[in-house]
Amino acid sequence: MCWSAEKARQSYKELNELKGLASPDEDVMALHLLLERFKGDAGWNAEHIRSLPRSFDMLPHWSEAELGELEEPDLANTAKRLAAQVRADYSAVARAAENIGENWLEAHGIDFESFFWAKSVLWSRCVDFSSELLASAGLSVVGKEHCRLLVPGFDMANHNHRLVGTGRTHTILEDGNVALVASVDYEKGEEVRIFYEKADNNRLLLWYGFVVEENPFDAAHIRLPVDPKAGPRLEKLGAVMDTWHGKVLAQCRMTLAEPLPEAAILAAAFCQNLIPPESQEPLTARQELEALRFLQRCLPKAEEPGPLPPPSNWRSYCAAVVRGFGPLIQLAFHRMVEAKMISALAAAK
């Protein structure tokens with residue numbers, strides 16, 4: 001009862017005749033959804049089709065004005081490119097369909113808008129099963145590392161970022177049935193959820209159409225030029241070394257849980273030549289204080305973001321969460337810097 005590219009091609013011989021598709025497996029799955037939807041109650045998996053959302057809030061569906069609310073030009077441009085790719089995919093499908101018969105798409109109620117809907121269903125609700133899982137259940141493996149399935153019922157499970165690291169939440173049983181596996185204990189009446197991926201809000205909004213307030217995977221980076229010899233010590237603390245215009249930069253990751261990483265303080269000390277680049281000695285209180293003062297100057301202090309719009313105004317709410325991360329991380333950073341400066345001042349006396 002699962003949707004797959006293999007099932008689509010088995011169900012409709014016409015789908016095997018479509019050549020030159022940009023995303024062959026995804027496109028035939030999308031067309032299969034639409035062909036069955038066109039049949040109404042007589043279609044395969046009709047009950048599942050009725051359960052699917054009629055519209056989506058992933059970024060490729062947002063208007064120009066709505067994308068502007070994000071105040072994230074790179075993210076908005078990615079959404080526009082993805083929407084343009086869907087249009088190009090549909091054009092390729094339309095050209096390929098001409099070889100099947102005149103007006104074949106139109107005869108089955110398929111146009112760009114419905115194709116976009118079907119692609120959105122697949123983006124937001126499919127799950128990948130490894131060939132190892134498929135083979136262990138005695139199912140065919142079509143020469144790929146993964147098989148992408150749209151699983152009725154399983155696709156209703158929402159995301160819970162707190163389930164990270166608790167284990168896999170889907171498998172295939174020996175009888176060939178897909179199983180949703182609880183990775184934590186649940187109380188009666190509690191919603192069963194799964195962990196999608198380690199995704200920041202930009203990615204969640206782009207591909208799934210939602211955000212998580214105080215998302216632990218949202219991150220900003222502070223980059224400081226350092227002597228290459230300081231790299232090994234900084235890398236041990238989690239910094240990523242990069243180069244830019246011939247300079248070596250220590251890239252330090254900041255999250256709301258850790259807005260002032262230890263690597264950033266040490267990188268600031270190296271950047272200001274407070275210690276030799278080969279040094280393995282801990283910073284003195286005075287050196288730490290100077291490094292903190294330098295960091296304080298590096299990152300401007302933001303104003304507290306205003307209240308979020310109500311979730312009933314969903315796209316504006318999501319945009320506010322995304323654009324609010326920058327000010328929040330800056331405020332958390334400065335609060336931590338100030339707290340550490342107080343400790344360093346006391347230790348330096």
# chains A, B, ... in the order shown; residues from 1 in each chain; ligands from 1
call {"tool": "select_by_dssp", "arguments": {"residues": "range 193-311 of chain A", "states": "strand (DSSP E or B)", "output": "PyMOL selection string"}}
result
chain A and resi 194+220-225+240-244+247-254
call {"tool": "select_by_dssp", "arguments": {"residues": "range 57-94 of chain A", "states": "helix (DSSP H, G or I)", "output": "PyMOL selection string"}}
result
chain A and resi 59-61+64-68+73-94
call {"tool": "atom_distance", "arguments": {"atom1": "CA of Trp314 in chain A", "atom2": "CA of Trp207 in chain A"}}
result
15.5 Å
call {"tool": "atom_distance", "arguments": {"atom1": "CA of Ala220 in chain A", "atom2": "CA of Leu274 in chain A"}}
result
25.1 Å
call {"tool": "closest_atom_pairs", "arguments": {"of": "range 175-203 of chain A", "to": "range 123-142 of chain A", "cutoff": "12 Å", "atoms": "only C-alpha atoms", "output": "CSV"}}
result
residue,atom,partner,partner_atom,distance
A:Asp175,CA,A:Ala137,CA,6.5
A:Gly176,CA,A:Ala137,CA,5.5
A:Asn177,CA,A:Ala137,CA,8.6
A:Val178,CA,A:Phe129,CA,9.8
A:Ala179,CA,A:Phe129,CA,11.6
A:Leu180,CA,A:Val127,CA,11.6
A:Ile194,CA,A:Val127,CA,11.4
A:Phe195,CA,A:Val127,CA,11.4
A:Tyr196,CA,A:Val127,CA,9.1
A:Glu197,CA,A:Val127,CA,11.2
A:Arg203,CA,A:Ser124,CA,11.4
call {"tool": "write_last_selection", "arguments": {"atoms": "N, CA, C and O atoms", "output": "CSV table (one decimal), in the first residue's frame"}}
result
chain,number,residue,atom,x,y,z
A,175,ASP,N,7.4,-9.6,7.6
A,175,ASP,CA,6.2,-9.9,6.8
A,175,ASP,C,6.0,-8.8,5.7
A,175,ASP,O,5.1,-8.9,4.9
A,176,GLY,N,7.0,-7.9,5.7
A,176,GLY,CA,6.9,-6.8,4.6
A,176,GLY,C,6.1,-5.6,5.0
A,176,GLY,O,6.0,-4.7,4.2
A,177,ASN,N,5.6,-5.6,6.2
A,177,ASN,CA,4.9,-4.4,6.6
A,177,ASN,C,5.8,-3.3,7.2
A,177,ASN,O,6.8,-3.6,7.8
A,178,VAL,N,5.5,-2.1,6.9
A,178,VAL,CA,6.2,-1.0,7.5
A,178,VAL,C,5.8,-0.8,8.9
A,178,VAL,O,4.6,-0.9,9.2
A,179,ALA,N,6.7,-0.6,9.9
A,179,ALA,CA,6.3,-0.4,11.3
A,179,ALA,C,6.9,1.0,11.8
A,179,ALA,O,8.0,1.4,11.4
A,180,LEU,N,6.1,1.7,12.5
A,180,LEU,CA,6.5,2.9,13.3
A,180,LEU,C,6.9,2.4,14.6
A,180,LEU,O,6.2,1.8,15.4
A,194,ILE,N,8.0,11.6,15.4
A,194,ILE,CA,9.3,11.0,15.0
A,194,ILE,C,10.3,12.2,14.8
A,194,ILE,O,9.9,13.4,14.8
A,195,PHE,N,11.6,11.8,14.7
A,195,PHE,CA,12.6,12.8,14.4
A,195,PHE,C,12.9,12.8,12.9
A,195,PHE,O,13.3,11.8,12.4
A,196,TYR,N,12.7,14.0,12.3
A,196,TYR,CA,12.9,14.1,10.8
A,196,TYR,C,14.4,14.1,10.5
A,196,TYR,O,14.9,13.3,9.8
A,197,GLU,N,15.1,15.1,11.0
A,197,GLU,CA,16.5,15.3,10.8
A,197,GLU,C,17.0,16.4,11.6
A,197,GLU,O,16.3,17.2,12.2
A,203,ARG,N,15.8,25.2,6.9
A,203,ARG,CA,15.6,23.9,6.2
A,203,ARG,C,14.2,23.4,6.5
A,203,ARG,O,13.5,22.9,5.6
call {"tool": "closest_atom_pairs", "arguments": {"of": "range 150-196 of chain A", "to": "range 50-72 of chain A", "cutoff": "10 Å", "atoms": "only C-alpha atoms", "output": "Markdown table"}}
result
| residue | atom | partner | partner_atom | distance |
| --- | --- | --- | --- | --- |
| A:Pro152 | CA | A:Ser51 | CA | 9.0 |
| A:Gly153 | CA | A:Ser51 | CA | 9.1 |
| A:Asp155 | CA | A:Leu52 | CA | 9.2 |
| A:Met156 | CA | A:Leu52 | CA | 8.9 |
call {"tool": "write_last_selection", "arguments": {"atoms": "N, CA and C atoms", "output": "PDB file, in the first residue's frame"}}
result
ATOM      1  N   PRO A 152       1.254   5.435   3.806  1.00  0.00           N
ATOM      2  CA  PRO A 152       0.007   5.902   4.405  1.00  0.00           C
ATOM      3  C   PRO A 152      -0.003   5.677   5.920  1.00  0.00           C
ATOM      4  N   GLY A 153      -0.404   6.699   6.650  1.00  0.00           N
ATOM      5  CA  GLY A 153      -0.431   6.612   8.107  1.00  0.00           C
ATOM      6  C   GLY A 153       0.865   7.077   8.724  1.00  0.00           C
ATOM      7  N   ASP A 155       3.012   8.800   7.299  1.00  0.00           N
ATOM      8  CA  ASP A 155       3.270  10.172   6.842  1.00  0.00           C
ATOM      9  C   ASP A 155       2.527  11.211   7.681  1.00  0.00           C
ATOM     10  N   MET A 156       1.698  10.763   8.629  1.00  0.00           N
ATOM     11  CA  MET A 156       1.002  11.695   9.510  1.00  0.00           C
ATOM     12  C   MET A 156       1.841  12.090  10.715  1.00  0.00           C
TER      13      MET A 156
END
call {"tool": "closest_residue", "arguments": {"among": "A:Met341, A:Ala118, A:Leu18, A:Ala79", "to": "His32 in chain A", "atoms": "only C-alpha atoms"}}
result
A:Ala118
call {"tool": "atom_distance", "arguments": {"atom1": "CA of Ala320 in chain A", "atom2": "CA of Phe210 in chain A"}}
result
11.9 Å
call {"tool": "residues_around", "arguments": {"residues": "range 234-248 of chain A", "least_positions_apart": "6", "cutoff": "12 Å", "atoms": "only C-alpha atoms", "output": "PDB file with N, CA and C atoms, in the first residue's frame"}}
result
ATOM      1  N   HIS A 221      27.531  31.828  13.175  1.00  0.00           N
ATOM      2  CA  HIS A 221      28.972  31.593  13.277  1.00  0.00           C
ATOM      3  C   HIS A 221      29.717  32.911  13.417  1.00  0.00           C
ATOM      4  N   ILE A 222      30.735  32.886  14.237  1.00  0.00           N
ATOM      5  CA  ILE A 222      31.645  34.020  14.323  1.00  0.00           C
ATOM      6  C   ILE A 222      32.984  33.547  13.764  1.00  0.00           C
ATOM      7  N   ARG A 223      33.572  34.341  12.876  1.00  0.00           N
ATOM      8  CA  ARG A 223      34.805  33.966  12.187  1.00  0.00           C
ATOM      9  C   ARG A 223      35.911  34.950  12.559  1.00  0.00           C
ATOM     10  N   LEU A 224      37.025  34.421  13.007  1.00  0.00           N
ATOM     11  CA  LEU A 224      38.136  35.259  13.451  1.00  0.00           C
ATOM     12  C   LEU A 224      39.430  34.808  12.782  1.00  0.00           C
ATOM     13  N   PRO A 225      40.224  35.758  12.258  1.00  0.00           N
ATOM     14  CA  PRO A 225      41.502  35.385  11.633  1.00  0.00           C
ATOM     15  C   PRO A 225      42.518  34.976  12.700  1.00  0.00           C
ATOM     16  N   VAL A 226      43.197  33.854  12.462  1.00  0.00           N
ATOM     17  CA  VAL A 226      44.196  33.362  13.414  1.00  0.00           C
ATOM     18  C   VAL A 226      45.413  32.834  12.664  1.00  0.00           C
ATOM     19  N   ASP A 227      46.494  32.664  13.390  1.00  0.00           N
ATOM     20  CA  ASP A 227      47.684  32.027  12.841  1.00  0.00           C
ATOM     21  C   ASP A 227      47.375  30.551  12.590  1.00  0.00           C
ATOM     22  N   PRO A 228      47.784  29.990  11.441  1.00  0.00           N
ATOM     23  CA  PRO A 228      47.499  28.579  11.153  1.00  0.00           C
ATOM     24  C   PRO A 228      47.967  27.634  12.268  1.00  0.00           C
ATOM     25  N   MET A 254      27.724  29.152  17.094  1.00  0.00           N
ATOM     26  CA  MET A 254      26.969  29.669  18.227  1.00  0.00           C
ATOM     27  C   MET A 254      25.520  29.207  18.131  1.00  0.00           C
ATOM     28  N   PRO A 261      30.800  29.941  22.594  1.00  0.00           N
ATOM     29  CA  PRO A 261      31.609  28.727  22.704  1.00  0.00           C
ATOM     30  C   PRO A 261      33.023  29.048  23.184  1.00  0.00           C
ATOM     31  N   GLU A 262      33.601  28.101  23.885  1.00  0.00           N
ATOM     32  CA  GLU A 262      34.963  28.277  24.399  1.00  0.00           C
ATOM     33  C   GLU A 262      35.941  28.545  23.260  1.00  0.00           C
ATOM     34  N   ALA A 263      35.687  27.914  22.104  1.00  0.00           N
ATOM     35  CA  ALA A 263      36.580  28.109  20.958  1.00  0.00           C
ATOM     36  C   ALA A 263      36.631  29.571  20.527  1.00  0.00           C
ATOM     37  N   ALA A 264      35.505  30.303  20.653  1.00  0.00           N
ATOM     38  CA  ALA A 264      35.471  31.701  20.241  1.00  0.00           C
ATOM     39  C   ALA A 264      36.349  32.561  21.154  1.00  0.00           C
ATOM     40  N   ILE A 265      36.326  32.285  22.445  1.00  0.00           N
ATOM     41  CA  ILE A 265      37.160  33.053  23.388  1.00  0.00           C
ATOM     42  C   ILE A 265      38.636  32.811  23.088  1.00  0.00           C
ATOM     43  N   LEU A 266      38.993  31.544  22.869  1.00  0.00           N
ATOM     44  CA  LEU A 266      40.384  31.220  22.577  1.00  0.00           C
ATOM     45  C   LEU A 266      40.815  31.809  21.232  1.00  0.00           C
ATOM     46  N   ALA A 267      39.927  31.738  20.231  1.00  0.00           N
ATOM     47  CA  ALA A 267      40.251  32.311  18.919  1.00  0.00           C
ATOM     48  C   ALA A 267      40.469  33.814  19.018  1.00  0.00           C
ATOM     49  N   ALA A 268      39.665  34.477  19.852  1.00  0.00           N
ATOM     50  CA  ALA A 268      39.842  35.921  20.055  1.00  0.00           C
ATOM     51  C   ALA A 268      41.189  36.214  20.694  1.00  0.00           C
ATOM     52  N   ALA A 269      41.620  35.363  21.614  1.00  0.00           N
ATOM     53  CA  ALA A 269      42.932  35.549  22.243  1.00  0.00           C
ATOM     54  C   ALA A 269      44.050  35.383  21.229  1.00  0.00           C
ATOM     55  N   PHE A 270      43.928  34.379  20.368  1.00  0.00           N
ATOM     56  CA  PHE A 270      44.931  34.190  19.313  1.00  0.00           C
ATOM     57  C   PHE A 270      44.899  35.360  18.327  1.00  0.00           C
ATOM     58  N   CYS A 271      43.699  35.780  17.969  1.00  0.00           N
ATOM     59  CA  CYS A 271      43.532  36.872  17.002  1.00  0.00           C
ATOM     60  C   CYS A 271      44.193  38.156  17.493  1.00  0.00           C
ATOM     61  N   PRO A 277      50.671  31.423  19.059  1.00  0.00           N
ATOM     62  CA  PRO A 277      49.793  30.491  18.351  1.00  0.00           C
ATOM     63  C   PRO A 277      50.030  29.024  18.702  1.00  0.00           C
ATOM     64  N   GLU A 278      51.234  28.688  19.150  1.00  0.00           N
ATOM     65  CA  GLU A 278      51.525  27.297  19.503  1.00  0.00           C
ATOM     66  C   GLU A 278      51.161  26.987  20.941  1.00  0.00           C
ATOM     67  N   SER A 279      50.720  27.980  21.698  1.00  0.00           N
ATOM     68  CA  SER A 279      50.497  27.817  23.135  1.00  0.00           C
ATOM     69  C   SER A 279      49.415  26.777  23.434  1.00  0.00           C
ATOM     70  N   GLN A 280      49.705  25.969  24.456  1.00  0.00           N
ATOM     71  CA  GLN A 280      48.731  25.015  24.968  1.00  0.00           C
ATOM     72  C   GLN A 280      48.293  25.385  26.389  1.00  0.00           C
TER      73      GLN A 280
END
call {"tool": "closest_residue", "arguments": {"among": "A:Leu256, A:Gln296, A:Ala76, A:Leu289", "to": "Ile329 in chain A", "atoms": "only C-alpha atoms"}}
result
A:Leu256
call {"tool": "residues_around", "arguments": {"residues": "Arg37 in chain A", "least_positions_apart": "5", "cutoff": "8 Å", "atoms": "only C-alpha atoms", "output": "PyMOL selection string"}}
result
chain A and resi 43+46+49
call {"tool": "residues_around", "arguments": {"residues": "Ala257 in chain A", "least_positions_apart": "5", "cutoff": "10 Å", "atoms": "only C-alpha atoms", "output": "PyMOL selection string"}}
result
chain A and resi 214-219+329+332
call {"tool": "write_last_selection", "arguments": {"atoms": "C-alpha atoms", "output": "PDB file, in the first residue's frame"}}
result
ATOM      1  CA  GLU A 214      14.255  27.979  19.962  1.00  0.00           C
ATOM      2  CA  ASN A 215      15.318  25.281  17.511  1.00  0.00           C
ATOM      3  CA  PRO A 216      18.510  23.687  18.920  1.00  0.00           C
ATOM      4  CA  PHE A 217      19.836  23.216  15.381  1.00  0.00           C
ATOM      5  CA  ASP A 218      19.662  26.919  14.521  1.00  0.00           C
ATOM      6  CA  ALA A 219      23.182  28.300  14.526  1.00  0.00           C
ATOM      7  CA  ILE A 329      21.570  34.819  19.330  1.00  0.00           C
ATOM      8  CA  ALA A 332      22.333  35.646  24.268  1.00  0.00           C
TER       9      ALA A 332
END
call {"tool": "residues_around", "arguments": {"residues": "Trp3 in chain A", "least_positions_apart": "3", "cutoff": "7 Å", "atoms": "only C-alpha atoms", "output": "ChimeraX atom specification"}}
result
/A:7,149-151
call {"tool": "write_last_selection", "arguments": {"atoms": "C-alpha atoms", "output": "JSON list (two decimals), in the first residue's frame"}}
result
[["chain", "number", "residue", "atom", "x", "y", "z"],
["A", 7, "LYS", "CA", 4.74, 0.86, -7.86],
["A", 149, "LEU", "CA", 8.37, 5.45, 0.00],
["A", 150, "LEU", "CA", 5.25, 7.42, 0.82],
["A", 151, "VAL", "CA", 3.71, 5.37, 3.61]]
call {"tool": "closest_residue", "arguments": {"among": "A:Leu206, A:Ala8, A:Val211, A:Leu75", "to": "His161 in chain A", "atoms": "only C-alpha atoms"}}
result
A:Val211
call {"tool": "closest_residue", "arguments": {"among": "A:Glu290, A:Leu163, A:Gln251, A:Pro311", "to": "Glu213 in chain A", "atoms": "only C-alpha atoms"}}
result
A:Pro311
call {"tool": "closest_residue", "arguments": {"among": "A:Gly306, A:Ile275, A:Leu205, A:Arg315", "to": "Thr78 in chain A", "atoms": "only C-alpha atoms"}}
result
A:Leu205
